[in-house]
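Raw protein36.pdb, PDB, N, CA and C atoms:
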ATOM      1  N   MET E  28      35.507  91.778  49.958
ATOM      2  CA  MET E  28      35.771  92.487  48.720
ATOM      3  C   MET E  28      34.813  93.671  48.623
ATOM      4  N   ALA E  29      35.314  94.771  48.104
ATOM      5  CA  ALA E  29      34.519  95.994  47.981
ATOM      6  C   ALA E  29      33.416  95.809  46.939
ATOM      7  N   ASP E  30      32.328  96.532  47.152
ATOM      8  CA  ASP E  30      31.207  96.501  46.214
ATOM      9  C   ASP E  30      31.574  97.224  44.928
ATOM     10  N   VAL E  31      31.340  96.601  43.773
ATOM     11  CA  VAL E  31      31.502  97.265  42.485
ATOM     12  C   VAL E  31      30.143  97.817  42.106
ATOM     13  N   LYS E  32      30.097  99.120  41.841
ATOM     14  CA  LYS E  32      28.833  99.788  41.504
ATOM     15  C   LYS E  32      29.006 100.606  40.234
ATOM     16  N   LEU E  33      27.897 100.871  39.585
ATOM     17  CA  LEU E  33      27.850 101.712  38.398
ATOM     18  C   LEU E  33      27.110 102.987  38.778
ATOM     19  N   PHE E  34      27.722 104.139  38.501
ATOM     20  CA  PHE E  34      27.173 105.435  38.884
ATOM     21  C   PHE E  34      26.880 106.268  37.645
ATOM     22  N   ARG E  35      25.765 107.009  37.679
ATOM     23  CA  ARG E  35      25.488 108.026  36.667
ATOM     24  C   ARG E  35      25.695 109.360  37.359
ATOM     25  N   LEU E  36      26.591 110.186  36.793
ATOM     26  CA  LEU E  36      26.902 111.493  37.369
ATOM     27  C   LEU E  36      26.045 112.582  36.734
ATOM     28  N   THR E  37      25.993 113.728  37.371
ATOM     29  CA  THR E  37      25.223 114.865  36.838
ATOM     30  C   THR E  37      25.771 115.337  35.504
ATOM     31  N   THR E  38      27.033 114.998  35.207
ATOM     32  CA  THR E  38      27.649 115.369  33.929
ATOM     33  C   THR E  38      27.205 114.445  32.798
ATOM     34  N   GLY E  39      26.491 113.357  33.140
ATOM     35  CA  GLY E  39      26.056 112.378  32.147
ATOM     36  C   GLY E  39      27.015 111.209  32.018
ATOM     37  N   GLU E  40      28.150 111.281  32.706
ATOM     38  CA  GLU E  40      29.135 110.200  32.629
ATOM     39  C   GLU E  40      28.646 108.987  33.413
ATOM     40  N   ASP E  41      28.972 107.811  32.913
ATOM     41  CA  ASP E  41      28.750 106.570  33.634
ATOM     42  C   ASP E  41      30.103 106.131  34.176
ATOM     43  N   VAL E  42      30.189 105.955  35.490
ATOM     44  CA  VAL E  42      31.446 105.604  36.153
ATOM     45  C   VAL E  42      31.244 104.293  36.906
ATOM     46  N   ILE E  43      32.207 103.387  36.753
ATOM     47  CA  ILE E  43      32.179 102.132  37.484
ATOM     48  C   ILE E  43      33.374 102.104  38.428
ATOM     49  N   GLY E  44      33.168 101.601  39.632
ATOM     50  CA  GLY E  44      34.262 101.550  40.597
ATOM     51  C   GLY E  44      33.870 100.775  41.833
ATOM     52  N   LYS E  45      34.871 100.534  42.672
ATOM     53  CA  LYS E  45      34.653  99.845  43.944
ATOM     54  C   LYS E  45      34.450 100.892  45.028
ATOM     55  N   ILE E  46      33.398 100.738  45.807
ATOM     56  CA  ILE E  46      33.142 101.662  46.913
ATOM     57  C   ILE E  46      34.135 101.352  48.028
ATOM     58  N   LYS E  47      34.943 102.349  48.365
ATOM     59  CA  LYS E  47      35.868 102.178  49.487
ATOM     60  C   LYS E  47      35.230 102.671  50.771
ATOM     61  N   GLU E  48      34.581 103.840  50.667
ATOM     62  CA  GLU E  48      34.019 104.449  51.874
ATOM     63  C   GLU E  48      32.919 105.422  51.488
ATOM     64  N   GLU E  49      31.932 105.529  52.353
ATOM     65  CA  GLU E  49      30.892 106.539  52.212
ATOM     66  C   GLU E  49      31.019 107.461  53.417
ATOM     67  N   ILE E  50      31.034 108.779  53.170
ATOM     68  CA  ILE E  50      31.240 109.762  54.234
ATOM     69  C   ILE E  50      29.905 110.427  54.566
ATOM     70  N   PHE E  51      29.619 110.536  55.877
ATOM     71  CA  PHE E  51      28.353 111.093  56.350
ATOM     72  C   PHE E  51      28.610 112.360  57.154
ATOM     73  N   ASP E  52      27.648 113.284  57.135
ATOM     74  CA  ASP E  52      27.763 114.476  57.973
ATOM     75  C   ASP E  52      27.248 114.175  59.376
ATOM     76  N   GLU E  53      27.202 115.184  60.216
ATOM     77  CA  GLU E  53      26.801 114.983  61.613
ATOM     78  C   GLU E  53      25.337 114.563  61.766
ATOM     79  N   ASN E  54      24.536 114.745  60.712
ATOM     80  CA  ASN E  54      23.131 114.339  60.739
ATOM     81  C   ASN E  54      22.905 112.950  60.139
ATOM     82  N   GLY E  55      23.994 112.288  59.756
ATOM     83  CA  GLY E  55      23.883 110.957  59.181
ATOM     84  C   GLY E  55      23.538 110.940  57.708
ATOM     85  N   ILE E  56      23.672 112.095  57.039
ATOM     86  CA  ILE E  56      23.376 112.191  55.611
ATOM     87  C   ILE E  56      24.668 111.989  54.833
ATOM     88  N   SER E  57      24.605 111.115  53.833
ATOM     89  CA  SER E  57      25.780 110.833  53.002
ATOM     90  C   SER E  57      26.153 112.076  52.199
ATOM     91  N   THR E  58      27.424 112.473  52.285
ATOM     92  CA  THR E  58      27.893 113.664  51.563
ATOM     93  C   THR E  58      28.904 113.347  50.474
ATOM     94  N   HIS E  59      29.673 112.275  50.654
ATOM     95  CA  HIS E  59      30.716 111.918  49.693
ATOM     96  C   HIS E  59      30.834 110.400  49.564
ATOM     97  N   MET E  60      31.338 109.979  48.402
ATOM     98  CA  MET E  60      31.583 108.571  48.137
ATOM     99  C   MET E  60      33.019 108.456  47.626
ATOM    100  N   ILE E  61      33.807 107.591  48.242
ATOM    101  CA  ILE E  61      35.182 107.360  47.786
ATOM    102  C   ILE E  61      35.192 106.066  46.984
ATOM    103  N   LEU E  62      35.637 106.154  45.725
ATOM    104  CA  LEU E  62      35.704 104.993  44.842
ATOM    105  C   LEU E  62      37.148 104.623  44.570
ATOM    106  N   GLN E  63      37.426 103.332  44.584
ATOM    107  CA  GLN E  63      38.736 102.825  44.194
ATOM    108  C   GLN E  63      38.692 102.489  42.707
ATOM    109  N   LYS E  64      39.734 102.854  41.995
ATOM    110  CA  LYS E  64      39.899 102.553  40.572
ATOM    111  C   LYS E  64      38.641 102.865  39.754
ATOM    112  N   PRO E  65      38.185 104.132  39.802
ATOM    113  CA  PRO E  65      37.007 104.476  38.995
ATOM    114  C   PRO E  65      37.361 104.592  37.506
ATOM    115  N   PHE E  66      36.470 104.078  36.686
ATOM    116  CA  PHE E  66      36.634 104.153  35.237
ATOM    117  C   PHE E  66      35.371 104.742  34.629
ATOM    118  N   VAL E  67      35.545 105.583  33.605
ATOM    119  CA  VAL E  67      34.430 106.105  32.826
ATOM    120  C   VAL E  67      34.142 105.086  31.732
ATOM    121  N   ILE E  68      32.882 104.806  31.516
ATOM    122  CA  ILE E  68      32.489 103.877  30.456
ATOM    123  C   ILE E  68      32.066 104.711  29.255
ATOM    124  N   ILE E  69      32.746 104.492  28.122
ATOM    125  CA  ILE E  69      32.467 105.276  26.922
ATOM    126  C   ILE E  69      32.072 104.336  25.786
ATOM    127  N   PRO E  70      30.839 104.471  25.279
ATOM    128  CA  PRO E  70      30.439 103.663  24.122
ATOM    129  C   PRO E  70      31.250 104.087  22.893
ATOM    130  N   GLN E  71      31.728 103.093  22.141
ATOM    131  CA  GLN E  71      32.549 103.368  20.959
ATOM    132  C   GLN E  71      32.032 102.550  19.780
ATOM    133  N   GLN E  72      32.125 103.145  18.583
ATOM    134  CA  GLN E  72      31.696 102.456  17.368
ATOM    135  C   GLN E  72      32.719 102.723  16.285
ATOM    136  N   GLU E  73      33.251 101.665  15.663
ATOM    137  CA  GLU E  73      34.281 101.823  14.622
ATOM    138  C   GLU E  73      33.760 102.596  13.424
ATOM    139  N   ALA E  74      32.578 102.233  12.976
ATOM    140  CA  ALA E  74      31.973 102.874  11.811
ATOM    141  C   ALA E  74      30.465 102.656  11.874
ATOM    142  N   PRO E  75      29.699 103.477  11.131
ATOM    143  CA  PRO E  75      28.250 103.280  11.115
ATOM    144  C   PRO E  75      27.905 101.842  10.708
ATOM    145  N   GLY E  76      26.972 101.260  11.430
ATOM    146  CA  GLY E  76      26.565  99.892  11.140
ATOM    147  C   GLY E  76      27.366  98.838  11.889
ATOM    148  N   LYS E  77      28.499  99.233  12.451
ATOM    149  CA  LYS E  77      29.330  98.306  13.238
ATOM    150  C   LYS E  77      28.776  98.250  14.655
ATOM    151  N   PRO E  78      29.052  97.144  15.371
ATOM    152  CA  PRO E  78      28.540  97.057  16.746
ATOM    153  C   PRO E  78      29.196  98.080  17.674
ATOM    154  N   VAL E  79      28.434  98.490  18.662
ATOM    155  CA  VAL E  79      28.936  99.421  19.674
ATOM    156  C   VAL E  79      29.630  98.605  20.755
ATOM    157  N   THR E  80      30.839  99.028  21.119
ATOM    158  CA  THR E  80      31.574  98.394  22.209
ATOM    159  C   THR E  80      31.738  99.419  23.323
ATOM    160  N   LEU E  81      32.059  98.937  24.506
ATOM    161  CA  LEU E  81      32.256  99.831  25.639
ATOM    162  C   LEU E  81      33.731  99.937  25.961
ATOM    163  N   GLY E  82      34.217 101.176  26.050
ATOM    164  CA  GLY E  82      35.609 101.422  26.413
ATOM    165  C   GLY E  82      35.702 101.843  27.872
ATOM    166  N   PHE E  83      36.721 101.351  28.565
ATOM    167  CA  PHE E  83      36.972 101.727  29.957
ATOM    168  C   PHE E  83      38.151 102.687  29.976
ATOM    169  N   HIS E  84      37.953 103.874  30.542
ATOM    170  CA  HIS E  84      39.012 104.874  30.619
ATOM    171  C   HIS E  84      39.107 105.369  32.058
ATOM    172  N   GLN E  85      40.333 105.503  32.560
ATOM    173  CA  GLN E  85      40.506 105.995  33.924
ATOM    174  C   GLN E  85      39.746 107.306  34.096
ATOM    175  N   TYR E  86      39.118 107.484  35.258
ATOM    176  CA  TYR E  86      38.345 108.699  35.492
ATOM    177  C   TYR E  86      39.241 109.932  35.474
ATOM    178  N   ILE E  87      40.388 109.867  36.120
ATOM    179  CA  ILE E  87      41.367 110.959  36.069
ATOM    180  C   ILE E  87      42.677 110.346  35.565
ATOM    181  N   PRO E  88      42.859 110.306  34.242
ATOM    182  CA  PRO E  88      43.987 109.564  33.671
ATOM    183  C   PRO E  88      45.370 110.144  33.983
ATOM    184  N   TYR E  89      45.450 111.404  34.362
ATOM    185  CA  TYR E  89      46.764 112.014  34.573
ATOM    186  C   TYR E  89      47.110 112.168  36.047
ATOM    187  N   GLY E  90      46.281 111.635  36.911
ATOM    188  CA  GLY E  90      46.540 111.723  38.354
ATOM    189  C   GLY E  90      47.312 110.515  38.851
ATOM    190  N   LYS E  91      47.892 110.661  40.027
ATOM    191  CA  LYS E  91      48.621 109.573  40.673
ATOM    192  C   LYS E  91      47.755 108.926  41.741
ATOM    193  N   CYS E  92      46.496 108.749  41.447
ATOM    194  CA  CYS E  92      45.593 108.263  42.484
ATOM    195  C   CYS E  92      44.829 107.035  42.018
ATOM    196  N   ASP E  93      44.603 106.136  42.944
ATOM    197  CA  ASP E  93      43.736 104.983  42.695
ATOM    198  C   ASP E  93      42.350 105.208  43.284
ATOM    199  N   GLU E  94      42.209 106.314  44.025
ATOM    200  CA  GLU E  94      40.934 106.621  44.666
ATOM    201  C   GLU E  94      40.489 108.033  44.299
ATOM    202  N   VAL E  95      39.178 108.182  44.129
ATOM    203  CA  VAL E  95      38.610 109.495  43.815
ATOM    204  C   VAL E  95      37.395 109.701  44.711
ATOM    205  N   THR E  96      37.281 110.900  45.260
ATOM    206  CA  THR E  96      36.147 111.247  46.111
ATOM    207  C   THR E  96      35.119 112.014  45.288
ATOM    208  N   PHE E  97      33.878 111.535  45.305
ATOM    209  CA  PHE E  97      32.779 112.173  44.590
ATOM    210  C   PHE E  97      31.807 112.758  45.599
ATOM    211  N   LYS E  98      31.309 113.965  45.331
ATOM    212  CA  LYS E  98      30.239 114.537  46.147
ATOM    213  C   LYS E  98      28.942 113.810  45.805
ATOM    214  N   GLN E  99      28.142 113.531  46.828
ATOM    215  CA  GLN E  99      26.845 112.884  46.584
ATOM    216  C   GLN E  99      25.961 113.759  45.694
ATOM    217  N   ASP E 100      26.138 115.086  45.776
ATOM    218  CA  ASP E 100      25.351 116.001  44.934
ATOM    219  C   ASP E 100      25.605 115.761  43.446
ATOM    220  N   ASN E 101      26.759 115.172  43.103
ATOM    221  CA  ASN E 101      27.111 114.938  41.702
ATOM    222  C   ASN E 101      26.743 113.539  41.226
ATOM    223  N   ILE E 102      26.205 112.720  42.125
ATOM    224  CA  ILE E 102      25.795 111.361  41.762
ATOM    225  C   ILE E 102      24.277 111.351  41.607
ATOM    226  N   VAL E 103      23.818 111.038  40.397
ATOM    227  CA  VAL E 103      22.378 110.992  40.135
ATOM    228  C   VAL E 103      21.802 109.695  40.684
ATOM    229  N   THR E 104      22.481 108.578  40.388
ATOM    230  CA  THR E 104      22.012 107.273  40.842
ATOM    231  C   THR E 104      23.155 106.276  40.820
ATOM    232  N   SER E 105      22.961 105.158  41.506
ATOM    233  CA  SER E 105      23.932 104.062  41.456
ATOM    234  C   SER E 105      23.180 102.744  41.398
ATOM    235  N   VAL E 106      23.741 101.807  40.644
ATOM    236  CA  VAL E 106      23.127 100.486  40.479
ATOM    237  C   VAL E 106      24.228  99.434  40.455
ATOM    238  N   ASP E 107      23.825  98.183  40.597
ATOM    239  CA  ASP E 107      24.764  97.082  40.396
ATOM    240  C   ASP E 107      24.970  96.919  38.899
ATOM    241  N   PRO E 108      26.228  96.794  38.445
ATOM    242  CA  PRO E 108      26.465  96.586  37.012
ATOM    243  C   PRO E 108      26.018  95.181  36.604
ATOM    244  N   ASN E 109      25.712  95.012  35.318
ATOM    245  CA  ASN E 109      25.375  93.667  34.867
ATOM    246  C   ASN E 109      26.622  92.783  34.970
ATOM    247  N   ASP E 110      26.443  91.479  34.927
ATOM    248  CA  ASP E 110      27.531  90.535  35.173
ATOM    249  C   ASP E 110      28.694  90.713  34.199
ATOM    250  N   GLU E 111      28.394  90.915  32.917
ATOM    251  CA  GLU E 111      29.447  91.066  31.905
ATOM    252  C   GLU E 111      30.282  92.321  32.159
ATOM    253  N   LEU E 112      29.622  93.423  32.488
ATOM    254  CA  LEU E 112      30.322  94.670  32.770
ATOM    255  C   LEU E 112      31.197  94.534  34.012
ATOM    256  N   LYS E 113      30.666  93.879  35.045
ATOM    257  CA  LYS E 113      31.420  93.670  36.283
ATOM    258  C   LYS E 113      32.656  92.809  36.031
ATOM    259  N   LYS E 114      32.511  91.732  35.258
ATOM    260  CA  LYS E 114      33.651  90.859  34.942
ATOM    261  C   LYS E 114      34.713  91.613  34.146
ATOM    262  N   THR E 115      34.284  92.439  33.205
ATOM    263  CA  THR E 115      35.230  93.225  32.411
ATOM    264  C   THR E 115      35.977  94.215  33.294
ATOM    265  N   TYR E 116      35.261  94.863  34.207
ATOM    266  CA  TYR E 116      35.892  95.798  35.140
ATOM    267  C   TYR E 116      36.921  95.066  36.000
ATOM    268  N   GLN E 117      36.534  93.927  36.560
ATOM    269  CA  GLN E 117      37.442  93.170  37.422
ATOM    270  C   GLN E 117      38.677  92.702  36.645
ATOM    271  N   ALA E 118      38.502  92.287  35.409
ATOM    272  CA  ALA E 118      39.635  91.854  34.589
ATOM    273  C   ALA E 118      40.576  93.021  34.289
ATOM    274  N   ASN E 119      40.017  94.226  34.085
ATOM    275  CA  ASN E 119      40.835  95.400  33.758
ATOM    276  C   ASN E 119      41.508  96.035  34.969
ATOM    277  N   THR E 120      41.027  95.703  36.159
ATOM    278  CA  THR E 120      41.603  96.317  37.362
ATOM    279  C   THR E 120      42.416  95.312  38.182
ATOM    280  N   GLY E 121      42.587  94.121  37.651
ATOM    281  CA  GLY E 121      43.368  93.121  38.365
ATOM    282  C   GLY E 121      42.628  92.486  39.511
ATOM    283  N   GLY E 122      41.308  92.688  39.546
ATOM    284  CA  GLY E 122      40.510  92.084  40.611
ATOM    285  C   GLY E 122      40.212  90.633  40.317
ATOM    286  N   ILE E 123      39.687  89.961  41.286
ATOM    287  CA  ILE E 123      39.302  88.564  41.118
ATOM    288  C   ILE E 123      38.002  88.521  40.339
ATOM    289  N   VAL E 124      38.020  87.804  39.226
ATOM    290  CA  VAL E 124      36.829  87.677  38.405
ATOM    291  C   VAL E 124      35.984  86.554  38.976
ATOM    292  N   GLU E 125      34.751  86.888  39.314
ATOM    293  CA  GLU E 125      33.857  85.887  39.879
ATOM    294  C   GLU E 125      33.421  84.915  38.792
ATOM    295  N   VAL E 126      33.443  83.629  39.113
ATOM    296  CA  VAL E 126      33.069  82.584  38.162
ATOM    297  C   VAL E 126      31.661  82.108  38.482
ATOM    298  N   GLU E 127      30.882  81.929  37.431
ATOM    299  CA  GLU E 127      29.529  81.448  37.617
ATOM    300  C   GLU E 127      29.576  79.966  37.995
ATOM    301  N   LYS E 128      28.834  79.606  39.037
ATOM    302  CA  LYS E 128      28.808  78.213  39.488
ATOM    303  C   LYS E 128      28.007  77.385  38.493
ATOM    304  N   GLN E 129      28.623  76.279  38.022
ATOM    305  CA  GLN E 129      27.957  75.393  37.078
ATOM    306  C   GLN E 129      28.190  73.963  37.520
ATOM    307  N   LEU E 130      27.254  73.122  37.150
ATOM    308  CA  LEU E 130      27.362  71.698  37.442
ATOM    309  C   LEU E 130      28.249  71.067  36.377
ATOM    310  N   ILE E 131      29.270  70.349  36.818
ATOM    311  CA  ILE E 131      30.176  69.671  35.894
ATOM    312  C   ILE E 131      29.650  68.256  35.694
ATOM    313  N   THR E 132      29.469  67.894  34.424
ATOM    314  CA  THR E 132      28.949  66.547  34.146
ATOM    315  C   THR E 132      29.939  65.742  33.350
TER
END
Would you mind writing the structure in this file as C-alpha coordinates?
Amino acid sequence: MADVKLFRLTTGEDVIGKIKEEIFDENGISTHMILQKPFVIIPQQEAPGKPVTLGFHQYIPYGKCDEVTFKQDNIVTSVDPNDELKKTYQANTGGIVEVEKQLIT
(Lines of atoms letter the chains of each structure in order from A and count residues from 1; the text may use other names and numbers.)
(Lines give C-alpha, C1' and ligand atoms only; values in the text may rest on other atoms or scores of the structure.)
Protein backbone atom coordinates (compact mmCIF):
# COMPACT_ATOMS: atom_id res chain seq x y z
CA MET A 1 0.00 0.00 0.00
CA ALA A 2 1.23 3.49 -0.84
CA ASP A 3 2.46 5.79 1.90
CA VAL A 4 -0.08 8.41 3.03
CA LYS A 5 1.73 11.66 3.81
CA LEU A 6 0.78 15.18 4.82
CA PHE A 7 2.49 17.99 2.89
CA ARG A 8 2.80 21.72 3.57
CA LEU A 9 3.15 23.64 0.29
CA THR A 10 4.78 27.02 -0.29
CA THR A 11 1.25 28.39 -0.82
CA GLY A 12 0.42 27.51 2.81
CA GLU A 13 -1.93 24.69 1.79
CA ASP A 14 -1.87 21.41 3.67
CA VAL A 15 -2.28 18.49 1.24
CA ILE A 16 -2.74 14.84 2.13
CA GLY A 17 -2.22 12.05 -0.39
CA LYS A 18 -0.65 8.73 -1.25
CA ILE A 19 2.86 8.88 -2.69
CA LYS A 20 2.83 7.08 -6.02
CA GLU A 21 6.29 8.01 -7.23
CA GLU A 22 9.20 10.31 -6.52
CA ILE A 23 11.12 11.58 -9.57
CA PHE A 24 14.89 12.21 -9.42
CA ASP A 25 17.22 14.09 -11.74
CA GLU A 26 20.48 12.70 -13.12
CA ASN A 27 22.28 13.70 -9.89
CA GLY A 28 19.87 11.74 -7.70
CA ILE A 29 18.11 14.85 -6.39
CA SER A 30 14.34 14.61 -5.97
CA THR A 31 12.60 17.04 -8.33
CA HIS A 32 8.94 15.96 -8.32
CA MET A 33 6.47 14.00 -6.23
CA ILE A 34 3.43 12.27 -7.76
CA LEU A 35 0.50 11.94 -5.34
CA GLN A 36 -2.58 9.79 -5.80
CA LYS A 37 -5.90 11.30 -4.71
CA PRO A 38 -4.49 14.48 -3.15
CA PHE A 39 -6.86 16.45 -0.94
CA VAL A 40 -6.48 19.94 0.54
CA ILE A 41 -7.28 20.08 4.24
CA ILE A 42 -9.31 23.17 5.12
CA PRO A 43 -10.20 24.05 8.72
CA GLN A 44 -13.88 25.02 8.98
CA GLN A 45 -15.94 26.58 11.77
CA GLU A 46 -19.75 26.92 11.72
CA ALA A 47 -19.79 29.96 13.98
CA PRO A 48 -17.58 31.69 16.55
CA GLY A 49 -17.22 29.50 19.61
CA LYS A 50 -18.11 26.33 17.70
CA PRO A 51 -15.50 23.59 17.29
CA VAL A 52 -13.21 23.67 14.27
CA THR A 53 -13.58 20.71 11.91
CA LEU A 54 -11.38 19.71 9.01
CA GLY A 55 -12.79 19.59 5.49
CA PHE A 56 -11.26 17.45 2.73
CA HIS A 57 -11.45 18.97 -0.75
CA GLN A 58 -9.98 17.57 -3.96
CA TYR A 59 -6.75 19.38 -4.82
CA ILE A 60 -7.90 19.98 -8.41
CA PRO A 61 -11.69 19.53 -8.22
CA TYR A 62 -12.40 20.17 -11.91
CA GLY A 63 -9.76 17.87 -13.38
CA LYS A 64 -10.16 14.31 -14.62
CA CYS A 65 -7.16 13.10 -12.70
CA ASP A 66 -6.53 10.94 -9.67
CA GLU A 67 -2.85 11.87 -9.68
CA VAL A 68 -1.11 15.23 -9.39
CA THR A 69 2.59 15.97 -9.85
CA PHE A 70 4.12 18.48 -7.43
CA LYS A 71 7.52 20.14 -7.84
CA GLN A 72 9.76 19.53 -4.83
CA ASP A 73 10.45 23.30 -4.86
CA ASN A 74 6.78 23.82 -3.89
CA ILE A 75 6.85 21.36 -0.97
CA VAL A 76 8.03 22.93 2.28
CA THR A 77 7.85 19.74 4.34
CA SER A 78 6.15 16.36 4.63
CA VAL A 79 5.16 14.35 7.69
CA ASP A 80 3.14 11.30 8.61
CA PRO A 81 -0.46 12.35 9.36
CA ASN A 82 -1.87 11.59 12.79
CA ASP A 83 -3.93 8.39 13.02
CA GLU A 84 -7.34 10.12 12.98
CA LEU A 85 -6.48 12.20 9.91
CA LYS A 86 -5.11 9.14 8.09
CA LYS A 87 -8.25 7.09 8.86
CA THR A 88 -10.48 9.93 7.64
CA TYR A 89 -8.46 10.21 4.43
CA GLN A 90 -8.64 6.45 3.83
CA ALA A 91 -12.40 6.42 4.47
CA ASN A 92 -12.92 9.32 2.02
CA THR A 93 -10.79 7.79 -0.72
CA GLY A 94 -12.12 4.25 -0.53
CA GLY A 95 -8.88 2.96 0.91
CA ILE A 96 -8.56 0.27 3.51
CA VAL A 97 -8.90 1.79 6.95
CA GLU A 98 -6.28 0.38 9.27
CA VAL A 99 -7.70 -1.01 12.51
CA GLU A 100 -5.90 -0.61 15.78
CA LYS A 101 -4.92 -3.99 17.24
CA GLN A 102 -6.66 -4.59 20.58
CA LEU A 103 -6.91 -7.51 22.94
CA ILE A 104 -10.41 -8.98 22.96
CA THR A 105 -11.51 -10.09 26.41
What does the distance from atom N of Gln71 (chain E) to atom C of Phe83 (chain E) come to in Å, to one decimal?
10.1 Å
Can you measure atom N of Leu62 (chain E) to atom N of Leu33 (chain E) for me? One decimal in Å is fine.
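Atom N of Leu62 (chain E) sits 11.2 Å away from atom N of Leu33 (chain E).
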Selection in question (the file shown): the PyMOL selection byres (((chain E and resi 118-121 and name CA) around 12) and name CA). Which residues does it include, as a JSON list (two decimals) with N, CA and C atoms, in the frame of the given file?
[["chain", "number", "residue", "atom", "x", "y", "z"],
["E", 31, "VAL", "N", 31.34, 96.60, 43.77],
["E", 31, "VAL", "CA", 31.50, 97.26, 42.48],
["E", 31, "VAL", "C", 30.14, 97.82, 42.11],
["E", 43, "ILE", "N", 32.21, 103.39, 36.75],
["E", 43, "ILE", "CA", 32.18, 102.13, 37.48],
["E", 43, "ILE", "C", 33.37, 102.10, 38.43],
["E", 44, "GLY", "N", 33.17, 101.60, 39.63],
["E", 44, "GLY", "CA", 34.26, 101.55, 40.60],
["E", 44, "GLY", "C", 33.87, 100.78, 41.83],
["E", 45, "LYS", "N", 34.87, 100.53, 42.67],
["E", 45, "LYS", "CA", 34.65, 99.84, 43.94],
["E", 45, "LYS", "C", 34.45, 100.89, 45.03],
["E", 63, "GLN", "N", 37.43, 103.33, 44.58],
["E", 63, "GLN", "CA", 38.74, 102.82, 44.19],
["E", 63, "GLN", "C", 38.69, 102.49, 42.71],
["E", 64, "LYS", "N", 39.73, 102.85, 42.00],
["E", 64, "LYS", "CA", 39.90, 102.55, 40.57],
["E", 64, "LYS", "C", 38.64, 102.86, 39.75],
["E", 65, "PRO", "N", 38.18, 104.13, 39.80],
["E", 65, "PRO", "CA", 37.01, 104.48, 38.99],
["E", 65, "PRO", "C", 37.36, 104.59, 37.51],
["E", 66, "PHE", "N", 36.47, 104.08, 36.69],
["E", 66, "PHE", "CA", 36.63, 104.15, 35.24],
["E", 66, "PHE", "C", 35.37, 104.74, 34.63],
["E", 82, "GLY", "N", 34.22, 101.18, 26.05],
["E", 82, "GLY", "CA", 35.61, 101.42, 26.41],
["E", 82, "GLY", "C", 35.70, 101.84, 27.87],
["E", 83, "PHE", "N", 36.72, 101.35, 28.56],
["E", 83, "PHE", "CA", 36.97, 101.73, 29.96],
["E", 83, "PHE", "C", 38.15, 102.69, 29.98],
["E", 84, "HIS", "N", 37.95, 103.87, 30.54],
["E", 84, "HIS", "CA", 39.01, 104.87, 30.62],
["E", 84, "HIS", "C", 39.11, 105.37, 32.06],
["E", 85, "GLN", "N", 40.33, 105.50, 32.56],
["E", 85, "GLN", "CA", 40.51, 106.00, 33.92],
["E", 85, "GLN", "C", 39.75, 107.31, 34.10],
["E", 93, "ASP", "N", 44.60, 106.14, 42.94],
["E", 93, "ASP", "CA", 43.74, 104.98, 42.70],
["E", 93, "ASP", "C", 42.35, 105.21, 43.28],
["E", 111, "GLU", "N", 28.39, 90.92, 32.92],
["E", 111, "GLU", "CA", 29.45, 91.07, 31.90],
["E", 111, "GLU", "C", 30.28, 92.32, 32.16],
["E", 112, "LEU", "N", 29.62, 93.42, 32.49],
["E", 112, "LEU", "CA", 30.32, 94.67, 32.77],
["E", 112, "LEU", "C", 31.20, 94.53, 34.01],
["E", 113, "LYS", "N", 30.67, 93.88, 35.04],
["E", 113, "LYS", "CA", 31.42, 93.67, 36.28],
["E", 113, "LYS", "C", 32.66, 92.81, 36.03],
["E", 114, "LYS", "N", 32.51, 91.73, 35.26],
["E", 114, "LYS", "CA", 33.65, 90.86, 34.94],
["E", 114, "LYS", "C", 34.71, 91.61, 34.15],
["E", 115, "THR", "N", 34.28, 92.44, 33.20],
["E", 115, "THR", "CA", 35.23, 93.22, 32.41],
["E", 115, "THR", "C", 35.98, 94.22, 33.29],
["E", 116, "TYR", "N", 35.26, 94.86, 34.21],
["E", 116, "TYR", "CA", 35.89, 95.80, 35.14],
["E", 116, "TYR", "C", 36.92, 95.07, 36.00],
["E", 117, "GLN", "N", 36.53, 93.93, 36.56],
["E", 117, "GLN", "CA", 37.44, 93.17, 37.42],
["E", 117, "GLN", "C", 38.68, 92.70, 36.65],
["E", 122, "GLY", "N", 41.31, 92.69, 39.55],
["E", 122, "GLY", "CA", 40.51, 92.08, 40.61],
["E", 122, "GLY", "C", 40.21, 90.63, 40.32],
["E", 123, "ILE", "N", 39.69, 89.96, 41.29],
["E", 123, "ILE", "CA", 39.30, 88.56, 41.12],
["E", 123, "ILE", "C", 38.00, 88.52, 40.34],
["E", 124, "VAL", "N", 38.02, 87.80, 39.23],
["E", 124, "VAL", "CA", 36.83, 87.68, 38.40],
["E", 124, "VAL", "C", 35.98, 86.55, 38.98],
["E", 125, "GLU", "N", 34.75, 86.89, 39.31],
["E", 125, "GLU", "CA", 33.86, 85.89, 39.88],
["E", 125, "GLU", "C", 33.42, 84.92, 38.79],
["E", 126, "VAL", "N", 33.44, 83.63, 39.11],
["E", 126, "VAL", "CA", 33.07, 82.58, 38.16],
["E", 126, "VAL", "C", 31.66, 82.11, 38.48]]
Can you tell me how far atom C of Asp107 (chain E) sits from atom N of Phe34 (chain E), in Å to one decimal?
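Between atom C of Asp107 (chain E) and atom N of Phe34 (chain E) the gap works out to 7.7 Å.
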Of the listed residues E:Glu49, E:Pro70, E:Ile61, E:Pro78, that which approaches Val95 (chain E) most closely, counting all atoms listed in the file
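Residue with the minimum atom-to-atom distance to Val95 (chain E): E:Ile61.
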Run the PyMOL selection byres ((chain E and resi 52-57) around 8) mentally over the shown coordinates, then write out the matched residues as JSON, numbers by chain, using the chain letters and numbers from the document.
{"E": [49, 50, 51, 58, 59, 60, 98, 99, 100]}
Any chance you could list, as JSON, numbers by chain, the residues in chain E that come up alpha helix (DSSP H) when DSSP is run on the backbone?
{"E": [110, 111, 112, 113, 114, 115, 116, 117, 118, 119]}
Assign secondary structure with DSSP using the backbone only, and return the residues of region 37-109 of chain E in strand (DSSP E) as a VMD selection string.
chain E and resid 41 to 51 57 to 72 79 to 85 94 to 98 102 to 106
